[in-house]
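A.B. asks: What follows is a single structure, and I will ask about it in a moment.
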Protein chains: 2
Amino acid sequence: MNDLAISLDVHSTTPLYEQIYNYIKNEIQSGGLPCKERLPSSRKLSDYLQVSRTTVNMAYDQLVSEGYIESVPHRGYFVCDLEGLVHIKPSAAPMLQKDRRDTPAFIYDFSPHGVDLNSFPHNAWRKLSKNLLMEEDHYLFRLGDPQGEPELRSTIAGYLHQARGVNASPERIVVGAGNDFLLLLLCSMFGGGMKIAMESPTYRKAYDLFHNLSNDVRIVKMDESGMRVDQLAATDAQIAYVMPSHQYPLGTVMPVKRRMQLLQWAAASNDADGEERYIIEDDYDSEFRYKGKPIPALQGYDHDDRVIYIGTFSKSIAPSIRVSYMVLPERLMGLYKSRGQNISSTVSRVDQMLIAGFLNEGYYERHLNKMRAVYRSRHDALLAELKAFRKICRVRGENAGVHLLLTFTNDMTEEEAIRRAAAQGVRVYELSTYFVGINQAQKETLPSDQSVDGTEKYLCTDGRCEQPTDMKQPAQQTVLLGYANLSEQEIQEACSRLRKAWLT
Amino acid sequence: MNDLAISLDVHSTTPLYEQIYNYIKNEIQSGGLPCKERLPSSRKLSDYLQVSRTTVNMAYDQLVSEGYIESVPHRGYFVCDLEGLVHIKPSAAPMLQKDRRDTPAFIYDFSPHGVDLNSFPHNAWRKLSKNLLMEEDHYLFRLGDPQGEPELRSTIAGYLHQARGVNASPERIVVGAGNDFLLLLLCSMFGGGMKIAMESPTYRKAYDLFHNLSNDVRIVKMDESGMRVDQLAATDAQIAYVMPSHQYPLGTVMPVKRRMQLLQWAAASNDADGEERYIIEDDYDSEFRYKGKPIPALQGYDHDDRVIYIGTFSKSIAPSIRVSYMVLPERLMGLYKSRGQNISSTVSRVDQMLIAGFLNEGYYERHLNKMRAVYRSRHDALLAELKAFRKICRVRGENAGVHLLLTFTNDMTEEEAIRRAAAQGVRVYELSTYFVGINQAQKETLPSDQSVDGTEKYLCTDGRCEQPTDMKQPAQQTVLLGYANLSEQEIQEACSRLRKAWLT
């Protein structure tokens, strides 16, 4: 017993058996108890330590199950050959320190990517999470369906039908960890070398992703109704990537007439080689619309089975919730089964069932309505504040989403506006980063928004600039102001600083 | 008050304020309370319902925050215009029914993809999850670092250094939702059109993924040490995809000499165009090795910064845990930052912090050692049972992983073996599905395993078949037996059925 100088702390919160287990494990790891050494019998050790034999047996059982010692019948317990046993020293990495939380470098940040988390339903989330993990059941930890849990897909189908007019059966829904992943999955299904039409400016990550995966991106001009279908038809594109509910970053809402033209384009096949055409409808933030009834998704009007619909919970619940979904047209299900389904699900079953519960138990409905009310107030507050700038800029992108665009009509450039705002501690965002394509001239395709002041002095409707030698194009005079993360009061304070920055 | 025929149930578990809220909300949704209708004051309603004013105010506040009613100063509460409000009817989808859990179609299933979940540390997982969600903090729900949480990356770096000899700094680690996703991400970084060398048979999903994304896969022959580097060098491949710790599905462990040859190949650049070469080391199940010390990862020997190391928690914790990681060579960090980092993280922050806690608080160490002991017993039990078949087959793939391979030396084909086993209620798996490449002749590259019986009657060392007209190649006579999901007793019972199937 000399080797086992265990001193037990009866007042510790660590159970006695665990103290014995820890002591012996450390002795074995450090070499204090060498390989093949015989341990005292549980009776002897329990006498020596003045604890019950059950306590010692529990410690020994744990050590046996982890491979530190082995039980030889009629002879006792022996230290195992430790080769191959894992011993992980606690990492020096700091755990969740308070100070590493995102601290803003600015006093007010009009980030267009914001999501208000003060309204995050912590209690509901905790309750659902706890209930799920209560079940001592392996079900949740087995590998799930690569397409997503059937429960979640049914729930999403029901939601999309009611809220977005999307015609979706659970069999055609694919759940994935974020819109970026779903676009990667689509690329993998189609293979590289697709000809994809995009607007410019657009969702930059989608452009980068298509471009990186060897697809040919065709930039198609936009007007105030969105992607110009006559221009699209003039390209050899097979796939059109659009955001009809609320184009990012311009905020354009595609009217029904243009939607119909787009669907007609897709229903026809390419003349040259009869290739099938598709539309990717990225419906990333359609939940937030503050005026009138939300326009149903493009997918709901599609009678030719051509629309790939993508939506996400990252914008409507929380950015760290990595759950998105797409609805595939029936005609692509064969391709998905042969070339997409081989990629394992990217969302854990626990997270999928959590989201399904969140929707089915009514939390999502409440949350969406609450968030819409919150964002609407902020939208209204910002619009009211921006009236002060009406002589130097025009506003667009109202009534939906969580950001507005400001285009300066004096000679202030985007860069100067951002610099002056920063000097006042306010961060606003440049539109330039959303322009894609190699040709700088594509920046000229920014459509004017007639709803604001009717002037079109910067652009012809065909997208060419009237003053081609003038470098002060609207694209370089527009900033984005996101309001999701600022309270009404913060918006007022920030705008008061912007007045100092831009009006004096 | 006639319109508000609320009957409250004081014995209900639903709080009174919530009963009032639900009643009014339903009335508004059904049209019973029309738009612009004025609601009774909170004082009147509280008198009428015999509840406190606070209770009524709580219900009204909730309705205001969700946009159902609005408060007009000095006038009272009015029903809002409901256009645009979301109303989600509960889905008809059945929630987590007991009967939809995976029920085996066979009595015993030797699945090679199994993970034993009886040992899943439910309590630890629940405790960590609960503690994480306790903090009423937005931190966990903000969008995280696309590369993964710094805490988790530090923890993984420490673990990989100790357990696998991997030379990893947190700055070079990328966390993603599964190995398949990480391979997609690599493809996106490299763009399509890479020339990738693979073995055959191999991890089929990786092949499909590379192939689907327009890469050119070069099949390179294997011998008993793994991928043949002389054959690799004869191709124009830029990237070699290997599993040196435990090749899937053959179970080959690449000896140190071959590893060095492979690293030398990578350190040299392609003659033709000076392209850089890389090795993808998929270390998917290196945690499970039952004899001798685990061989450190190939990455640990790499002094030329050429190895992309990939590992996962899906095999070592649970399949539904979609957390994998890769360690990029320093020279690829620029490419990652420009072409990979734009893809948002695919793992939620909650899950990442859960895994970090699981490692840092010692649970992972315990769990791995426990699982290794569990799998070792099953491995030993299966090997002992398979002695009964020594006259009709040889065994390989011992001492690591969670499956064995049986190659029949009589005239039984893979197909026949599977059919006969199925007739006895036992599921075994075919090797054929892991062969990749267009050319059927590539099935001939299956190396013999001299460690079992020394015969090489089926194959020359160069991988060509000696009997090219003989269709009974070893590839069609080999089955896989996974033992992760079967207890020792189940293994004995299943093997007794296999004896009936194959020996009589």
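Going by the structure tokens order, chains are called A, B, ..., each with residues numbered from 1, while ligands are numbered from 1 in the order shown.
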For stretch 370-386 of chain B, work out the shell of residues within 9 Å, counting only C-alpha atoms and skipping chain neighbours fewer than 6 positions away, then give it as an MDAnalysis selection string.
C.D. replies: (chainID A and resid 62:67 85) or (chainID B and resid 116 119 287:290 316 395 398:404 406 481 483:484 486:489 491:492 495:496)
A.B. asks: So that I can see what lies close to stretch 180-190 of chain A, please list as an mmCIF file with all heavy atoms, in the first residue's frame the residues with an atom at most 8 Å from it, counting only C-alpha atoms and leaving out residues fewer than 3 positions away in the same chain.
C.D. replies:
```
data_model
loop_
_atom_site.group_PDB
_atom_site.id
_atom_site.type_symbol
_atom_site.label_atom_id
_atom_site.label_comp_id
_atom_site.auth_asym_id
_atom_site.auth_seq_id
_atom_site.Cartn_x
_atom_site.Cartn_y
_atom_site.Cartn_z
ATOM 1 N N GLY A 176 -28.882 22.712 -44.758
ATOM 2 C CA GLY A 176 -27.417 22.809 -44.740
ATOM 3 C C GLY A 176 -26.948 23.929 -43.827
ATOM 4 O O GLY A 176 -27.730 24.804 -43.434
ATOM 5 N N ALA A 177 -25.647 23.902 -43.507
ATOM 6 C CA ALA A 177 -25.075 24.849 -42.552
ATOM 7 C C ALA A 177 -24.763 26.187 -43.226
ATOM 8 O O ALA A 177 -23.608 26.511 -43.490
ATOM 9 C CB ALA A 177 -23.817 24.259 -41.914
ATOM 10 N N MET A 194 -20.274 26.106 -64.949
ATOM 11 C CA MET A 194 -21.621 26.599 -65.235
ATOM 12 C C MET A 194 -21.536 28.073 -65.619
ATOM 13 O O MET A 194 -20.661 28.798 -65.158
ATOM 14 C CB MET A 194 -22.521 26.469 -64.013
ATOM 15 C CG MET A 194 -22.803 25.049 -63.594
ATOM 16 S SD MET A 194 -23.646 24.068 -64.856
ATOM 17 C CE MET A 194 -25.326 24.700 -64.731
ATOM 18 N N LYS A 205 -20.236 37.135 -51.526
ATOM 19 C CA LYS A 205 -19.765 35.780 -51.222
ATOM 20 C C LYS A 205 -20.226 34.788 -52.277
ATOM 21 O O LYS A 205 -19.511 33.861 -52.625
ATOM 22 C CB LYS A 205 -20.290 35.333 -49.862
ATOM 23 C CG LYS A 205 -19.620 36.032 -48.713
ATOM 24 C CD LYS A 205 -20.081 35.442 -47.405
ATOM 25 C CE LYS A 205 -19.389 36.148 -46.252
ATOM 26 N NZ LYS A 205 -19.630 35.424 -44.992
ATOM 27 N N ALA A 206 -21.453 34.982 -52.774
ATOM 28 C CA ALA A 206 -21.968 34.080 -53.804
ATOM 29 C C ALA A 206 -21.120 34.220 -55.070
ATOM 30 O O ALA A 206 -20.736 33.229 -55.685
ATOM 31 C CB ALA A 206 -23.433 34.385 -54.096
ATOM 32 N N LEU A 209 -17.703 32.589 -54.556
ATOM 33 C CA LEU A 209 -17.852 31.147 -54.501
ATOM 34 C C LEU A 209 -18.056 30.556 -55.905
ATOM 35 O O LEU A 209 -17.386 29.599 -56.281
ATOM 36 C CB LEU A 209 -19.069 30.926 -53.623
ATOM 37 C CG LEU A 209 -19.268 29.658 -52.901
ATOM 38 C CD1 LEU A 209 -19.817 29.962 -51.524
ATOM 39 C CD2 LEU A 209 -20.271 28.863 -53.685
ATOM 40 N N PHE A 210 -18.950 31.143 -56.672
ATOM 41 C CA PHE A 210 -19.161 30.652 -58.042
ATOM 42 C C PHE A 210 -17.867 30.780 -58.831
ATOM 43 O O PHE A 210 -17.444 29.865 -59.525
ATOM 44 C CB PHE A 210 -20.260 31.455 -58.745
ATOM 45 C CG PHE A 210 -21.640 31.249 -58.184
ATOM 46 C CD1 PHE A 210 -22.537 32.311 -58.114
ATOM 47 C CD2 PHE A 210 -22.062 29.998 -57.749
ATOM 48 C CE1 PHE A 210 -23.819 32.127 -57.608
ATOM 49 C CE2 PHE A 210 -23.346 29.812 -57.242
ATOM 50 C CZ PHE A 210 -24.222 30.884 -57.177
ATOM 51 N N LEU A 213 -15.096 28.337 -57.928
ATOM 52 C CA LEU A 213 -15.338 26.953 -58.335
ATOM 53 C C LEU A 213 -15.450 26.830 -59.846
ATOM 54 O O LEU A 213 -16.184 25.996 -60.366
ATOM 55 C CB LEU A 213 -16.565 26.401 -57.622
ATOM 56 C CG LEU A 213 -16.248 26.011 -56.175
ATOM 57 C CD1 LEU A 213 -17.505 25.802 -55.363
ATOM 58 C CD2 LEU A 213 -15.390 24.749 -56.138
ATOM 59 N N SER A 324 -29.607 26.703 -42.816
ATOM 60 C CA SER A 324 -30.277 27.218 -44.000
ATOM 61 C C SER A 324 -30.978 26.050 -44.686
ATOM 62 O O SER A 324 -30.823 24.911 -44.272
ATOM 63 C CB SER A 324 -29.263 27.850 -44.954
ATOM 64 O OG SER A 324 -28.731 29.027 -44.402
ATOM 65 N N TYR A 325 -31.747 26.368 -45.714
ATOM 66 C CA TYR A 325 -32.467 25.309 -46.414
ATOM 67 C C TYR A 325 -32.647 25.704 -47.856
ATOM 68 O O TYR A 325 -32.665 26.885 -48.185
ATOM 69 C CB TYR A 325 -33.845 25.057 -45.771
ATOM 70 C CG TYR A 325 -34.591 26.323 -45.456
ATOM 71 C CD1 TYR A 325 -35.411 26.947 -46.406
ATOM 72 C CD2 TYR A 325 -34.430 26.952 -44.228
ATOM 73 C CE1 TYR A 325 -36.066 28.135 -46.120
ATOM 74 C CE2 TYR A 325 -35.067 28.147 -43.939
ATOM 75 C CZ TYR A 325 -35.886 28.729 -44.883
ATOM 76 O OH TYR A 325 -36.504 29.914 -44.602
ATOM 77 N N MET A 326 -32.740 24.702 -48.730
ATOM 78 C CA MET A 326 -33.120 25.040 -50.096
ATOM 79 C C MET A 326 -34.210 24.086 -50.558
ATOM 80 O O MET A 326 -34.295 22.958 -50.104
ATOM 81 C CB MET A 326 -31.931 25.048 -51.042
ATOM 82 C CG MET A 326 -31.236 23.757 -51.299
ATOM 83 S SD MET A 326 -29.863 24.034 -52.496
ATOM 84 C CE MET A 326 -29.032 22.453 -52.375
ATOM 85 N N LEU A 335 -30.371 14.612 -59.841
ATOM 86 C CA LEU A 335 -29.005 15.114 -59.749
ATOM 87 C C LEU A 335 -28.568 15.201 -58.278
ATOM 88 O O LEU A 335 -27.455 14.841 -57.913
ATOM 89 C CB LEU A 335 -28.913 16.497 -60.406
ATOM 90 C CG LEU A 335 -27.497 17.036 -60.615
ATOM 91 C CD1 LEU A 335 -26.745 16.228 -61.657
ATOM 92 C CD2 LEU A 335 -27.529 18.515 -61.019
ATOM 93 N N TYR A 336 -29.484 15.691 -57.428
ATOM 94 C CA TYR A 336 -29.137 15.774 -56.001
ATOM 95 C C TYR A 336 -28.839 14.384 -55.439
ATOM 96 O O TYR A 336 -27.856 14.189 -54.733
ATOM 97 C CB TYR A 336 -30.257 16.433 -55.193
ATOM 98 C CG TYR A 336 -30.008 16.312 -53.715
ATOM 99 C CD1 TYR A 336 -28.997 17.065 -53.102
ATOM 100 C CD2 TYR A 336 -30.697 15.390 -52.929
ATOM 101 C CE1 TYR A 336 -28.718 16.929 -51.749
ATOM 102 C CE2 TYR A 336 -30.416 15.249 -51.574
ATOM 103 C CZ TYR A 336 -29.427 16.013 -50.997
ATOM 104 O OH TYR A 336 -29.133 15.856 -49.669
ATOM 105 N N ARG A 339 -25.429 13.238 -56.950
ATOM 106 C CA ARG A 339 -24.209 14.017 -56.777
ATOM 107 C C ARG A 339 -24.209 14.924 -55.545
ATOM 108 O O ARG A 339 -23.202 15.593 -55.279
ATOM 109 C CB ARG A 339 -23.948 14.859 -58.024
ATOM 110 C CG ARG A 339 -23.662 14.017 -59.255
ATOM 111 C CD ARG A 339 -23.635 14.896 -60.492
ATOM 112 N NE ARG A 339 -22.608 15.910 -60.439
ATOM 113 C CZ ARG A 339 -21.534 15.958 -61.195
ATOM 114 N NH1 ARG A 339 -21.341 15.027 -62.104
ATOM 115 N NH2 ARG A 339 -20.652 16.923 -61.072
ATOM 116 N N GLY A 340 -25.324 15.003 -54.823
ATOM 117 C CA GLY A 340 -25.349 15.890 -53.665
ATOM 118 C C GLY A 340 -25.518 15.141 -52.354
ATOM 119 O O GLY A 340 -24.954 15.507 -51.333
ATOM 120 N N PHE B 181 -17.429 18.713 -45.913
ATOM 121 C CA PHE B 181 -17.432 20.166 -46.086
ATOM 122 C C PHE B 181 -16.014 20.702 -46.243
ATOM 123 O O PHE B 181 -15.753 21.565 -47.090
ATOM 124 C CB PHE B 181 -18.116 20.887 -44.926
ATOM 125 C CG PHE B 181 -17.849 22.367 -44.962
ATOM 126 C CD1 PHE B 181 -18.476 23.169 -45.896
ATOM 127 C CD2 PHE B 181 -16.889 22.942 -44.136
ATOM 128 C CE1 PHE B 181 -18.187 24.526 -45.986
ATOM 129 C CE2 PHE B 181 -16.588 24.297 -44.219
ATOM 130 C CZ PHE B 181 -17.245 25.088 -45.150
ATOM 131 N N LEU B 184 -14.841 20.205 -49.651
ATOM 132 C CA LEU B 184 -15.506 21.179 -50.532
ATOM 133 C C LEU B 184 -14.802 22.530 -50.443
ATOM 134 O O LEU B 184 -14.550 23.194 -51.449
ATOM 135 C CB LEU B 184 -16.966 21.379 -50.117
ATOM 136 C CG LEU B 184 -18.053 20.504 -50.718
ATOM 137 C CD1 LEU B 184 -19.398 20.838 -50.098
ATOM 138 C CD2 LEU B 184 -18.121 20.704 -52.224
ATOM 139 N N LEU B 209 -16.691 13.828 -54.595
ATOM 140 C CA LEU B 209 -16.638 15.263 -54.390
ATOM 141 C C LEU B 209 -15.582 15.918 -55.300
ATOM 142 O O LEU B 209 -15.855 16.900 -55.988
ATOM 143 C CB LEU B 209 -16.292 15.437 -52.923
ATOM 144 C CG LEU B 209 -16.638 16.663 -52.200
ATOM 145 C CD1 LEU B 209 -17.102 16.287 -50.800
ATOM 146 C CD2 LEU B 209 -15.392 17.483 -52.104
ATOM 147 N N ASN B 212 -16.866 15.521 -58.898
ATOM 148 C CA ASN B 212 -18.004 16.395 -59.212
ATOM 149 C C ASN B 212 -17.577 17.848 -59.393
ATOM 150 O O ASN B 212 -18.196 18.589 -60.141
ATOM 151 C CB ASN B 212 -19.055 16.345 -58.099
ATOM 152 C CG ASN B 212 -19.797 15.023 -58.074
ATOM 153 O OD1 ASN B 212 -19.674 14.223 -58.998
ATOM 154 N ND2 ASN B 212 -20.546 14.791 -57.017
ATOM 155 N N LEU B 213 -16.532 18.257 -58.675
ATOM 156 C CA LEU B 213 -16.108 19.649 -58.766
ATOM 157 C C LEU B 213 -15.029 19.835 -59.834
ATOM 158 O O LEU B 213 -14.135 20.676 -59.699
ATOM 159 C CB LEU B 213 -15.655 20.155 -57.404
ATOM 160 C CG LEU B 213 -16.851 20.498 -56.495
ATOM 161 C CD1 LEU B 213 -16.428 20.625 -55.062
ATOM 162 C CD2 LEU B 213 -17.538 21.770 -56.975
ATOM 163 N N ILE B 343 -16.273 32.138 -46.844
ATOM 164 C CA ILE B 343 -17.379 31.237 -46.547
ATOM 165 C C ILE B 343 -17.608 31.225 -45.039
ATOM 166 O O ILE B 343 -16.718 30.885 -44.276
ATOM 167 C CB ILE B 343 -17.092 29.824 -47.095
ATOM 168 C CG1 ILE B 343 -17.054 29.898 -48.618
ATOM 169 C CG2 ILE B 343 -18.123 28.824 -46.603
ATOM 170 C CD1 ILE B 343 -16.492 28.693 -49.289
ATOM 171 N N SER B 344 -18.803 31.619 -44.616
ATOM 172 C CA SER B 344 -19.104 31.707 -43.185
ATOM 173 C C SER B 344 -18.939 30.354 -42.513
ATOM 174 O O SER B 344 -19.085 29.315 -43.152
ATOM 175 C CB SER B 344 -20.548 32.163 -42.978
ATOM 176 O OG SER B 344 -20.796 33.341 -43.679
ATOM 177 N N THR B 346 -19.478 26.982 -40.692
ATOM 178 C CA THR B 346 -20.590 26.049 -40.834
ATOM 179 C C THR B 346 -20.957 25.386 -39.507
ATOM 180 O O THR B 346 -21.836 24.538 -39.462
ATOM 181 C CB THR B 346 -20.253 24.959 -41.873
ATOM 182 O OG1 THR B 346 -18.917 24.512 -41.635
ATOM 183 C CG2 THR B 346 -20.358 25.485 -43.284
#
```
A.B. asks: For B:Ile24, please output as a list in words all residues within 10 Å (counting only C-alpha atoms; exclusion window: fewer than 5 positions along the same chain).
C.D. replies: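 Near neighbours after the sequence-gap exclusion: Asp3, Leu4, Ala5, Ile6, Glu18, Gln19, Gln29, Ser30, Gly32, Leu33, Leu39, Ala59, Tyr60, Leu63, Tyr68, Ile69 and Val79 of chain B.
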A.B. asks: Keeping N, CA and C atoms for every residue in the selection just given, could you write it to a file as a PDB file, in the first residue's frame?
C.D. replies:
```pdb
ATOM      1  N   ASP B   3     -66.921  41.689 -26.907  1.00  0.00           N
ATOM      2  CA  ASP B   3     -66.057  40.995 -27.857  1.00  0.00           C
ATOM      3  C   ASP B   3     -65.013  40.120 -27.173  1.00  0.00           C
ATOM      4  N   LEU B   4     -64.722  40.432 -25.911  1.00  0.00           N
ATOM      5  CA  LEU B   4     -63.638  39.702 -25.262  1.00  0.00           C
ATOM      6  C   LEU B   4     -64.175  38.681 -24.266  1.00  0.00           C
ATOM      7  N   ALA B   5     -64.730  37.616 -24.797  1.00  0.00           N
ATOM      8  CA  ALA B   5     -65.313  36.590 -23.940  1.00  0.00           C
ATOM      9  C   ALA B   5     -64.228  35.632 -23.468  1.00  0.00           C
ATOM     10  N   ILE B   6     -63.252  36.212 -22.750  1.00  0.00           N
ATOM     11  CA  ILE B   6     -62.123  35.397 -22.315  1.00  0.00           C
ATOM     12  C   ILE B   6     -62.550  34.583 -21.096  1.00  0.00           C
ATOM     13  N   GLU B  18     -50.592  34.966 -20.303  1.00  0.00           N
ATOM     14  CA  GLU B  18     -50.423  34.290 -21.582  1.00  0.00           C
ATOM     15  C   GLU B  18     -51.776  33.823 -22.121  1.00  0.00           C
ATOM     16  N   GLN B  19     -52.688  33.462 -21.215  1.00  0.00           N
ATOM     17  CA  GLN B  19     -54.032  33.083 -21.661  1.00  0.00           C
ATOM     18  C   GLN B  19     -54.731  34.295 -22.300  1.00  0.00           C
ATOM     19  N   GLN B  29     -56.285  37.335 -35.241  1.00  0.00           N
ATOM     20  CA  GLN B  29     -55.962  36.530 -36.423  1.00  0.00           C
ATOM     21  C   GLN B  29     -57.209  36.034 -37.136  1.00  0.00           C
ATOM     22  N   SER B  30     -58.230  35.676 -36.361  1.00  0.00           N
ATOM     23  CA  SER B  30     -59.431  35.128 -36.985  1.00  0.00           C
ATOM     24  C   SER B  30     -60.349  36.232 -37.504  1.00  0.00           C
ATOM     25  N   GLY B  32     -62.054  38.215 -35.566  1.00  0.00           N
ATOM     26  CA  GLY B  32     -63.027  38.528 -34.519  1.00  0.00           C
ATOM     27  C   GLY B  32     -62.817  39.930 -33.966  1.00  0.00           C
ATOM     28  N   LEU B  33     -61.565  40.341 -33.878  1.00  0.00           N
ATOM     29  CA  LEU B  33     -61.235  41.722 -33.519  1.00  0.00           C
ATOM     30  C   LEU B  33     -60.671  42.390 -34.760  1.00  0.00           C
ATOM     31  N   LEU B  39     -59.229  48.311 -27.989  1.00  0.00           N
ATOM     32  CA  LEU B  39     -59.297  47.318 -26.916  1.00  0.00           C
ATOM     33  C   LEU B  39     -59.703  48.014 -25.622  1.00  0.00           C
ATOM     34  N   ALA B  59     -49.844  41.128 -20.938  1.00  0.00           N
ATOM     35  CA  ALA B  59     -50.422  40.585 -22.169  1.00  0.00           C
ATOM     36  C   ALA B  59     -50.407  41.651 -23.270  1.00  0.00           C
ATOM     37  N   TYR B  60     -50.819  42.885 -22.922  1.00  0.00           N
ATOM     38  CA  TYR B  60     -50.844  43.968 -23.913  1.00  0.00           C
ATOM     39  C   TYR B  60     -49.425  44.281 -24.424  1.00  0.00           C
ATOM     40  N   LEU B  63     -48.405  41.772 -26.941  1.00  0.00           N
ATOM     41  CA  LEU B  63     -49.124  41.978 -28.197  1.00  0.00           C
ATOM     42  C   LEU B  63     -48.582  43.190 -28.951  1.00  0.00           C
ATOM     43  N   TYR B  68     -49.304  43.091 -32.950  1.00  0.00           N
ATOM     44  CA  TYR B  68     -50.729  42.832 -33.103  1.00  0.00           C
ATOM     45  C   TYR B  68     -51.569  44.053 -32.727  1.00  0.00           C
ATOM     46  N   ILE B  69     -51.143  44.746 -31.685  1.00  0.00           N
ATOM     47  CA  ILE B  69     -51.880  45.947 -31.289  1.00  0.00           C
ATOM     48  C   ILE B  69     -50.881  47.094 -31.157  1.00  0.00           C
ATOM     49  N   VAL B  79     -56.163  47.588 -32.488  1.00  0.00           N
ATOM     50  CA  VAL B  79     -55.709  46.462 -33.305  1.00  0.00           C
ATOM     51  C   VAL B  79     -54.981  46.992 -34.540  1.00  0.00           C
TER      52      VAL B  79
END
```
A.B. asks: Between chain B and chain A, at 6 Å or less, what are the per-residue closest atom pairs and their distances in Å? Count only C-alpha atoms, order by chain and rising residue number, and return it as a tab-separated table.
C.D. replies:
```
residue	atom	partner	partner_atom	distance
B:Ser65	CA	A:Lys370	CA	5.3
B:Glu66	CA	A:Lys370	CA	3.9
B:Gly67	CA	A:Ala373	CA	5.6
B:Glu83	CA	A:Lys293	CA	5.1
B:Gly84	CA	A:Lys293	CA	4.5
B:Ile88	CA	A:Glu365	CA	5.9
B:Pro90	CA	A:Asn360	CA	5.4
B:Ser91	CA	A:Thr155	CA	5.6
B:Ala93	CA	A:Ser154	CA	5.5
B:Phe141	CA	A:Ser320	CA	4.7
B:Arg142	CA	A:Ser320	CA	5.2
B:Leu143	CA	A:Ser320	CA	4.6
B:Ser154	CA	A:Ala93	CA	5.5
B:Thr155	CA	A:Ser91	CA	5.5
B:Gly158	CA	A:Ser91	CA	5.8
B:Ala177	CA	A:Thr346	CA	4.9
B:Asp180	CA	A:Ile343	CA	5.9
B:Ser188	CA	A:Leu213	CA	5.3
B:Gly191	CA	A:Leu213	CA	4.8
B:Gly192	CA	A:Leu213	CA	5.5
B:Asn212	CA	A:Gly191	CA	5.1
B:Leu213	CA	A:Gly191	CA	4.8
B:Ser214	CA	A:Gly192	CA	5.5
B:Gly292	CA	A:Glu83	CA	5.9
B:Lys293	CA	A:Gly84	CA	4.5
B:Pro294	CA	A:Gly84	CA	5.6
B:Ala318	CA	A:Phe141	CA	5.6
B:Pro319	CA	A:Leu143	CA	4.7
B:Ser320	CA	A:Leu143	CA	4.6
B:Ile321	CA	A:Ser348	CA	5.6
B:Arg322	CA	A:Ser348	CA	5.6
B:Ile343	CA	A:Asp180	CA	5.9
B:Thr346	CA	A:Ala177	CA	5.0
B:Ser348	CA	A:Ser320	CA	5.2
B:Arg349	CA	A:Ser320	CA	5.9
B:Asn360	CA	A:Pro90	CA	5.3
B:Glu365	CA	A:Ile88	CA	5.9
B:Asn369	CA	A:Glu66	CA	4.6
B:Lys370	CA	A:Glu66	CA	3.9
B:Ala373	CA	A:Gly67	CA	5.4
```
A.B. asks: Using DSSP secondary structure from the backbone, list all strand (DSSP E) positions within stretch 232-475 of chain B, as a ChimeraX atom specification.
C.D. replies: /B:239-242,278-282,307-312,324-327,393-396,403-408,426-427,429-430
A.B. asks: If we count only C-alpha atoms, what is near B:Glu37 at a cut-off of 6 Å, once residues fewer than 2 positions away on the same chain are taken out, given as a list in words?
C.D. replies: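 Residues meeting the cut-off are Pro34, Cys35, Phe78 and Val79 of chain B.
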A.B. asks: Pull C-alpha atoms from the residues just selected and write them as a short mmCIF file (atom, residue, chain, number, x, y, z; two decimals), in the first residue's frame.
C.D. replies:
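Full text of out.cif as output:
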```
data_model
loop_
_atom_site.label_atom_id
_atom_site.label_comp_id
_atom_site.auth_asym_id
_atom_site.auth_seq_id
_atom_site.Cartn_x
_atom_site.Cartn_y
_atom_site.Cartn_z
CA PRO B 34 -60.98 43.77 -36.73
CA CYS B 35 -58.25 46.20 -37.68
CA PHE B 78 -55.88 49.53 -31.08
CA VAL B 79 -55.71 46.46 -33.31
#
```
A.B. asks: List as a PyMOL selection string the protein and nucleic acid residues near A:Ile280, meaning an atom at most 8 Å away when only C-alpha atoms are counted, but skip any in the same chain fewer than 4 places from it.
C.D. replies: chain A and resi 239-242+307-310
